[in-house]
Amino acid sequence: MKVLTVYANPNPRLFCHAILEQFSRGLEDAGHTNEVVDLYAIRFNPVLKLWDYASWINETTPMEYLKAMIQSSTNRFVWFFAERWLRNKEISDIVKLARIFRPRDVLKQQRKIAEADALVIIAPVWFVGFPAILKGWIERVFSYGFAFAFTPEGWKGNRKGHVPLFKHQKALIISTTMFNEKAYQGGLGDAMKRLIDGFGFRYSGIRNVEHVYFYSVAGVGAATRQNYLQQSYCLGRKFTQ
């Protein structure tokens, strides 16, 4: 299986990186291929800006939303000419133009995702969620027309009116935490399951989403941390089981 592992931790000396290494070794020993994208190492820009709008345009985007998108992203002088250019254009013409302006860093990440059979995320929990660089990676890369689409009902605000587009066999999320297991059983885990596992990955079409926590890595003893590393290896070694 071809696995894409996205890693987000700024310090390569922390325990989180050791987990990445052990998990990768397990995948390799099981015969899988694993490409690691270290978001801090590649200096991925997590900030979604106006030029990212080009990544959210495809053939199913309603014309009225396209006009609103262009109007909000340009000054009045540019909008004056853009509005007139749009009058005699089909949606296919606009999609062709938008493709020219899609950010290259996003396209590169999307190609990696499209070529993978499974996705893995390894990162610490910060403020009951992903680090900003990882959250921004999802916001920019899991774009409309790539990760999901809308039905006409979806464009009107119906939550069920979405079309998931990912076909990956599995997504595995490995999180290191500051707080212990009791804190996550008391509500933190449910919050992350709903926002990250659900809206981040199942929403995009990956039905098999597994989330593994290594609790309180800074507060546990050496034996527990060693056990965490062994679990990480096993997660890679038995990835398809």
# chains A, B, ... in the order shown; residues from 1 in each chain; ligands from 1
>>> residues_around(residues="Lys160 of chain A", least_positions_apart="4", cutoff="10 Å", atoms="only C-alpha atoms", output="PyMOL selection string")
chain A and resi 150-151+153-154
>>> write_last_selection(atoms="all heavy atoms", output="PDB file, in the first residue's frame")
ATOM      1  N   PHE A 150     -20.588  19.892  -3.640  1.00  0.00           N
ATOM      2  CA  PHE A 150     -21.934  20.131  -3.126  1.00  0.00           C
ATOM      3  C   PHE A 150     -22.982  19.777  -4.175  1.00  0.00           C
ATOM      4  O   PHE A 150     -22.762  19.966  -5.373  1.00  0.00           O
ATOM      5  CB  PHE A 150     -22.124  21.603  -2.740  1.00  0.00           C
ATOM      6  CG  PHE A 150     -21.421  22.013  -1.483  1.00  0.00           C
ATOM      7  CD1 PHE A 150     -20.886  23.291  -1.377  1.00  0.00           C
ATOM      8  CD2 PHE A 150     -21.301  21.151  -0.412  1.00  0.00           C
ATOM      9  CE1 PHE A 150     -20.236  23.684  -0.224  1.00  0.00           C
ATOM     10  CE2 PHE A 150     -20.650  21.543   0.739  1.00  0.00           C
ATOM     11  CZ  PHE A 150     -20.122  22.808   0.841  1.00  0.00           C
ATOM     12  N   THR A 151     -24.104  19.297  -3.702  1.00  0.00           N
ATOM     13  CA  THR A 151     -25.289  19.209  -4.538  1.00  0.00           C
ATOM     14  C   THR A 151     -25.949  20.590  -4.523  1.00  0.00           C
ATOM     15  O   THR A 151     -25.560  21.464  -3.733  1.00  0.00           O
ATOM     16  CB  THR A 151     -26.265  18.172  -3.982  1.00  0.00           C
ATOM     17  OG1 THR A 151     -26.728  18.613  -2.693  1.00  0.00           O
ATOM     18  CG2 THR A 151     -25.593  16.811  -3.839  1.00  0.00           C
ATOM     19  N   GLU A 153     -28.632  21.357  -3.160  1.00  0.00           N
ATOM     20  CA  GLU A 153     -29.103  21.556  -1.789  1.00  0.00           C
ATOM     21  C   GLU A 153     -27.968  21.993  -0.879  1.00  0.00           C
ATOM     22  O   GLU A 153     -28.165  22.777   0.059  1.00  0.00           O
ATOM     23  CB  GLU A 153     -29.739  20.263  -1.261  1.00  0.00           C
ATOM     24  CG  GLU A 153     -31.052  19.881  -1.929  1.00  0.00           C
ATOM     25  CD  GLU A 153     -30.854  19.328  -3.335  1.00  0.00           C
ATOM     26  OE1 GLU A 153     -29.723  18.900  -3.657  1.00  0.00           O
ATOM     27  OE2 GLU A 153     -31.831  19.347  -4.101  1.00  0.00           O
ATOM     28  N   GLY A 154     -26.779  21.450  -1.132  1.00  0.00           N
ATOM     29  CA  GLY A 154     -25.630  21.826  -0.323  1.00  0.00           C
ATOM     30  C   GLY A 154     -25.281  23.289  -0.454  1.00  0.00           C
ATOM     31  O   GLY A 154     -24.923  23.956   0.516  1.00  0.00           O
TER      32      GLY A 154
END
>>> residues_around(residues="Phe142 of chain A", least_positions_apart="2", cutoff="10 Å", atoms="only C-alpha atoms", output="list in words")
Ser55, Trp56, Val106, Gln109, Gln110, Ile113, Gly136, Trp137, Ile138, Glu139, Arg140, Tyr144, Gly145, Phe146, Ala147, Phe148, Phe166, Gly200, Phe201 and Ser204 of chain A
>>> select_by_dssp(residues="segment 5-214 of chain A", states="strand (DSSP E)", output="NGL selection string")
:A and (5-7 or 33-38 or 118-124 or 148-150 or 162-164 or 170-176 or 209-214)
>>> residues_around(residues="Glu115 of chain A", least_positions_apart="4", cutoff="9 Å", atoms="only C-alpha atoms", output="ChimeraX atom specification")
/A:2-4,110-111
>>> write_last_selection(atoms="C-alpha atoms", output="short mmCIF file (atom, residue, chain, number, x, y, z; two decimals), in the first residue's frame")
data_model
loop_
_atom_site.label_atom_id
_atom_site.label_comp_id
_atom_site.auth_asym_id
_atom_site.auth_seq_id
_atom_site.Cartn_x
_atom_site.Cartn_y
_atom_site.Cartn_z
CA LYS A 2 1.17 3.52 -0.76
CA VAL A 3 0.90 5.68 2.36
CA LEU A 4 1.19 9.45 2.65
CA GLN A 110 -3.07 17.37 -3.84
CA ARG A 111 -1.06 15.22 -6.24
#
>>> residues_around(residues="segment 229-233 of chain A", least_positions_apart="6", cutoff="10 Å", atoms="only C-alpha atoms", output="tab-separated table (two decimals) with N, CA and C atoms, in the first residue's frame")
chain	number	residue	atom	x	y	z
A	15	PHE	N	9.40	13.81	21.37
A	15	PHE	CA	8.96	12.42	21.33
A	15	PHE	C	8.09	12.14	20.11
A	16	CYS	N	7.38	13.14	19.65
A	16	CYS	CA	6.51	12.98	18.50
A	16	CYS	C	7.29	12.50	17.28
A	18	ALA	N	10.01	10.67	17.34
A	18	ALA	CA	10.36	9.26	17.55
A	18	ALA	C	9.18	8.36	17.18
A	19	ILE	N	7.98	8.81	17.45
A	19	ILE	CA	6.79	8.07	17.04
A	19	ILE	C	6.72	7.96	15.52
A	20	LEU	N	6.99	9.07	14.83
A	20	LEU	CA	7.02	9.05	13.38
A	20	LEU	C	8.03	8.03	12.87
A	21	GLU	N	9.21	8.00	13.45
A	21	GLU	CA	10.26	7.09	13.01
A	21	GLU	C	9.85	5.63	13.21
A	22	GLN	N	9.29	5.32	14.37
A	22	GLN	CA	8.89	3.94	14.65
A	22	GLN	C	7.73	3.51	13.75
A	23	PHE	N	6.77	4.39	13.55
A	23	PHE	CA	5.65	4.07	12.68
A	23	PHE	C	6.13	3.82	11.25
A	24	SER	N	7.03	4.67	10.77
A	24	SER	CA	7.57	4.52	9.42
A	24	SER	C	8.33	3.21	9.28
A	25	ARG	N	9.08	2.83	10.32
A	25	ARG	CA	9.82	1.57	10.29
A	25	ARG	C	8.86	0.38	10.21
A	26	GLY	N	7.75	0.47	10.96
A	26	GLY	CA	6.76	-0.59	10.91
A	26	GLY	C	6.14	-0.73	9.53
A	27	LEU	N	5.82	0.39	8.89
A	27	LEU	CA	5.29	0.35	7.53
A	27	LEU	C	6.28	-0.30	6.57
A	28	GLU	N	7.54	0.09	6.69
A	28	GLU	CA	8.57	-0.44	5.80
A	28	GLU	C	8.73	-1.94	5.98
A	29	ASP	N	8.73	-2.40	7.24
A	29	ASP	CA	8.88	-3.83	7.51
A	29	ASP	C	7.68	-4.63	7.00
A	174	ILE	N	-2.52	9.99	14.47
A	174	ILE	CA	-1.77	9.71	15.71
A	174	ILE	C	-1.50	11.03	16.40
A	212	VAL	N	-5.59	7.42	17.14
A	212	VAL	CA	-4.85	6.85	18.27
A	212	VAL	C	-4.19	7.98	19.05
A	214	PHE	N	-1.56	9.07	22.19
A	214	PHE	CA	-0.51	8.75	23.16
A	214	PHE	C	-0.55	9.85	24.21
A	223	ALA	N	9.02	3.76	30.87
A	223	ALA	CA	8.41	2.49	30.44
A	223	ALA	C	7.18	2.74	29.57
A	239	PHE	N	-0.67	-2.18	9.61
A	239	PHE	CA	-1.48	-1.08	9.10
A	239	PHE	C	-2.72	-1.54	8.36
>>> residues_around(residues="Asn9 of chain A", least_positions_apart="5", cutoff="8 Å", atoms="only C-alpha atoms", output="mmCIF file with C-alpha atoms, in the first residue's frame")
data_model
loop_
_atom_site.group_PDB
_atom_site.id
_atom_site.type_symbol
_atom_site.label_atom_id
_atom_site.label_comp_id
_atom_site.auth_asym_id
_atom_site.auth_seq_id
_atom_site.Cartn_x
_atom_site.Cartn_y
_atom_site.Cartn_z
ATOM 1 C CA CYS A 16 6.507 12.984 18.496
ATOM 2 C CA HIS A 17 9.329 12.558 15.986
ATOM 3 C CA LEU A 39 5.121 20.550 7.019
ATOM 4 C CA TYR A 40 7.612 22.544 9.090
ATOM 5 C CA ALA A 123 1.039 15.642 15.267
ATOM 6 C CA PRO A 124 0.645 16.929 18.833
ATOM 7 C CA PRO A 131 -1.234 22.722 15.090
#
>>> atom_distance(atom1="atom CA of Ser216 of chain A", atom2="atom CA of Glu35 of chain A")
27.5 Å
>>> closest_residue(among="A:Ile206, A:Val141, A:Gly157, A:Tyr228", to="Asp117 of chain A", atoms="only C-alpha atoms")
A:Ile206
>>> select_by_dssp(residues="segment 4-231 of chain A", states="helix (DSSP H, G or I)", output="VMD selection string")
chain A and resid 15 to 29 50 to 56 63 to 73 76 to 86 91 to 100 104 to 115 132 to 141 152 to 155 181 to 202 222 to 231
>>> closest_residue(among="A:Pro62, A:Gly129, A:Gly221, A:Pro12", to="Thr176 of chain A", atoms="only C-alpha atoms")
A:Gly129
>>> atom_distance(atom1="atom CA of Ala218 of chain A", atom2="atom CA of Met178 of chain A")
6.7 Å
>>> residues_around(residues="Glu59 of chain A", least_positions_apart="4", cutoff="9 Å", atoms="only C-alpha atoms", output="number ranges by chain")
A: 91-92, 94-95, 145
>>> decode(residues="segment 95-227 of chain A", atoms="C-alpha atoms", output="CSV table (one decimal), in the first residue's frame")
chain,number,residue,atom,x,y,z
A,95,VAL,CA,-12.7,27.0,-14.6
A,96,LYS,CA,-10.1,27.0,-17.3
A,97,LEU,CA,-8.9,30.4,-16.3
A,98,ALA,CA,-9.0,29.5,-12.6
A,99,ARG,CA,-6.7,26.5,-13.2
A,100,ILE,CA,-4.0,28.8,-14.3
A,101,PHE,CA,-3.9,30.6,-10.9
A,102,ARG,CA,-4.2,27.6,-8.6
A,103,PRO,CA,-1.3,27.8,-6.0
A,104,ARG,CA,1.5,25.4,-6.9
A,105,ASP,CA,2.1,24.4,-3.3
A,106,VAL,CA,-1.5,23.2,-3.0
A,107,LEU,CA,-1.4,21.4,-6.3
A,108,LYS,CA,1.7,19.6,-5.2
A,109,GLN,CA,0.1,18.4,-2.0
A,110,GLN,CA,-3.1,17.4,-3.8
A,111,ARG,CA,-1.1,15.2,-6.2
A,112,LYS,CA,0.5,13.4,-3.3
A,113,ILE,CA,-2.9,12.8,-1.8
A,114,ALA,CA,-4.4,11.6,-5.0
A,115,GLU,CA,-1.5,9.1,-5.5
A,116,ALA,CA,-1.8,7.6,-2.0
A,117,ASP,CA,-3.9,4.7,-0.9
A,118,ALA,CA,-4.1,5.8,2.7
A,119,LEU,CA,-3.4,9.0,4.7
A,120,VAL,CA,-1.7,9.3,8.0
A,121,ILE,CA,-1.4,12.3,10.3
A,122,ILE,CA,1.1,12.5,13.1
A,123,ALA,CA,1.0,15.6,15.3
A,124,PRO,CA,0.6,16.9,18.8
A,125,VAL,CA,-2.7,18.2,20.2
A,126,TRP,CA,-2.7,22.0,20.6
A,127,PHE,CA,-5.7,23.7,22.0
A,128,VAL,CA,-7.8,20.5,21.5
A,129,GLY,CA,-6.9,20.4,17.8
A,130,PHE,CA,-4.2,20.3,15.2
A,131,PRO,CA,-1.2,22.7,15.1
A,132,ALA,CA,-2.1,25.7,12.9
A,133,ILE,CA,0.3,24.6,10.1
A,134,LEU,CA,-1.6,21.3,9.9
A,135,LYS,CA,-5.1,22.9,10.1
A,136,GLY,CA,-4.1,25.3,7.4
A,137,TRP,CA,-2.8,22.4,5.3
A,138,ILE,CA,-6.3,20.9,5.4
A,139,GLU,CA,-8.0,24.2,4.8
A,140,ARG,CA,-6.0,24.9,1.7
A,141,VAL,CA,-5.5,21.4,0.3
A,142,PHE,CA,-8.9,19.7,1.0
A,143,SER,CA,-10.5,22.1,-1.4
A,144,TYR,CA,-13.9,22.1,-3.1
A,145,GLY,CA,-13.8,19.9,-6.2
A,146,PHE,CA,-10.9,17.9,-4.8
A,147,ALA,CA,-12.0,16.6,-1.4
A,148,PHE,CA,-15.7,17.2,-1.7
A,149,ALA,CA,-18.4,18.8,-3.7
A,150,PHE,CA,-21.9,20.1,-3.1
A,151,THR,CA,-25.3,19.2,-4.5
A,152,PRO,CA,-27.7,22.1,-5.3
A,153,GLU,CA,-29.1,21.6,-1.8
A,154,GLY,CA,-25.6,21.8,-0.3
A,155,TRP,CA,-25.1,25.2,-1.9
A,156,LYS,CA,-28.3,26.3,-0.2
A,157,GLY,CA,-27.0,25.4,3.2
A,158,ASN,CA,-28.2,21.8,3.7
A,159,ARG,CA,-25.4,20.0,5.6
A,160,LYS,CA,-26.4,16.6,3.9
A,161,GLY,CA,-25.9,18.1,0.4
A,162,HIS,CA,-22.3,17.3,0.0
A,163,VAL,CA,-20.5,14.8,-2.2
A,164,PRO,CA,-17.4,13.1,-0.7
A,165,LEU,CA,-14.6,12.6,-3.3
A,166,PHE,CA,-11.8,10.8,-1.5
A,167,LYS,CA,-11.5,7.1,-2.2
A,168,HIS,CA,-8.7,6.2,0.2
A,169,GLN,CA,-8.8,2.9,2.0
A,170,LYS,CA,-7.9,4.3,5.4
A,171,ALA,CA,-6.9,7.4,7.4
A,172,LEU,CA,-4.9,7.1,10.6
A,173,ILE,CA,-4.4,10.0,13.0
A,174,ILE,CA,-1.8,9.7,15.7
A,175,SER,CA,-1.9,12.4,18.4
A,176,THR,CA,0.4,13.1,21.2
A,177,THR,CA,-1.1,14.9,24.2
A,178,MET,CA,-0.3,17.0,27.2
A,179,PHE,CA,-3.3,15.8,29.3
A,180,ASN,CA,-4.0,12.3,30.4
A,181,GLU,CA,-6.5,9.7,29.1
A,182,LYS,CA,-9.1,10.8,31.7
A,183,ALA,CA,-9.3,14.3,30.2
A,184,TYR,CA,-10.0,12.9,26.8
A,185,GLN,CA,-12.6,10.5,28.0
A,186,GLY,CA,-14.2,13.4,29.7
A,187,GLY,CA,-15.0,15.3,26.5
A,188,LEU,CA,-11.9,16.3,24.7
A,189,GLY,CA,-11.8,13.1,22.7
A,190,ASP,CA,-15.4,13.5,21.6
A,191,ALA,CA,-14.7,17.1,20.4
A,192,MET,CA,-11.7,16.0,18.3
A,193,LYS,CA,-13.6,13.0,16.9
A,194,ARG,CA,-16.4,15.3,15.7
A,195,LEU,CA,-14.3,18.1,14.2
A,196,ILE,CA,-11.2,16.3,13.0
A,197,ASP,CA,-12.2,12.6,12.4
A,198,GLY,CA,-15.7,13.5,11.1
A,199,PHE,CA,-15.5,16.8,9.3
A,200,GLY,CA,-11.8,16.5,8.4
A,201,PHE,CA,-11.7,13.0,6.9
A,202,ARG,CA,-15.0,11.2,6.9
A,203,TYR,CA,-16.6,14.3,5.4
A,204,SER,CA,-14.2,13.9,2.5
A,205,GLY,CA,-15.1,10.3,1.9
A,206,ILE,CA,-12.7,8.2,4.0
A,207,ARG,CA,-14.9,5.8,5.9
A,208,ASN,CA,-12.2,3.9,7.8
A,209,VAL,CA,-10.8,6.6,10.1
A,210,GLU,CA,-8.7,5.5,13.2
A,211,HIS,CA,-7.5,8.0,15.8
A,212,VAL,CA,-4.9,6.8,18.3
A,213,TYR,CA,-3.8,8.9,21.2
A,214,PHE,CA,-0.5,8.8,23.2
A,215,TYR,CA,-1.5,10.5,26.3
A,216,SER,CA,0.6,12.9,28.5
A,217,VAL,CA,3.9,12.1,26.8
A,218,ALA,CA,5.7,14.6,28.9
A,219,GLY,CA,4.3,13.3,32.2
A,220,VAL,CA,4.5,9.5,31.9
A,221,GLY,CA,7.6,7.4,32.8
A,222,ALA,CA,10.2,5.9,30.5
A,223,ALA,CA,8.4,2.5,30.4
A,224,THR,CA,5.2,4.0,29.2
A,225,ARG,CA,7.0,6.0,26.5
A,226,GLN,CA,8.8,2.9,25.4
A,227,ASN,CA,5.4,1.2,25.1
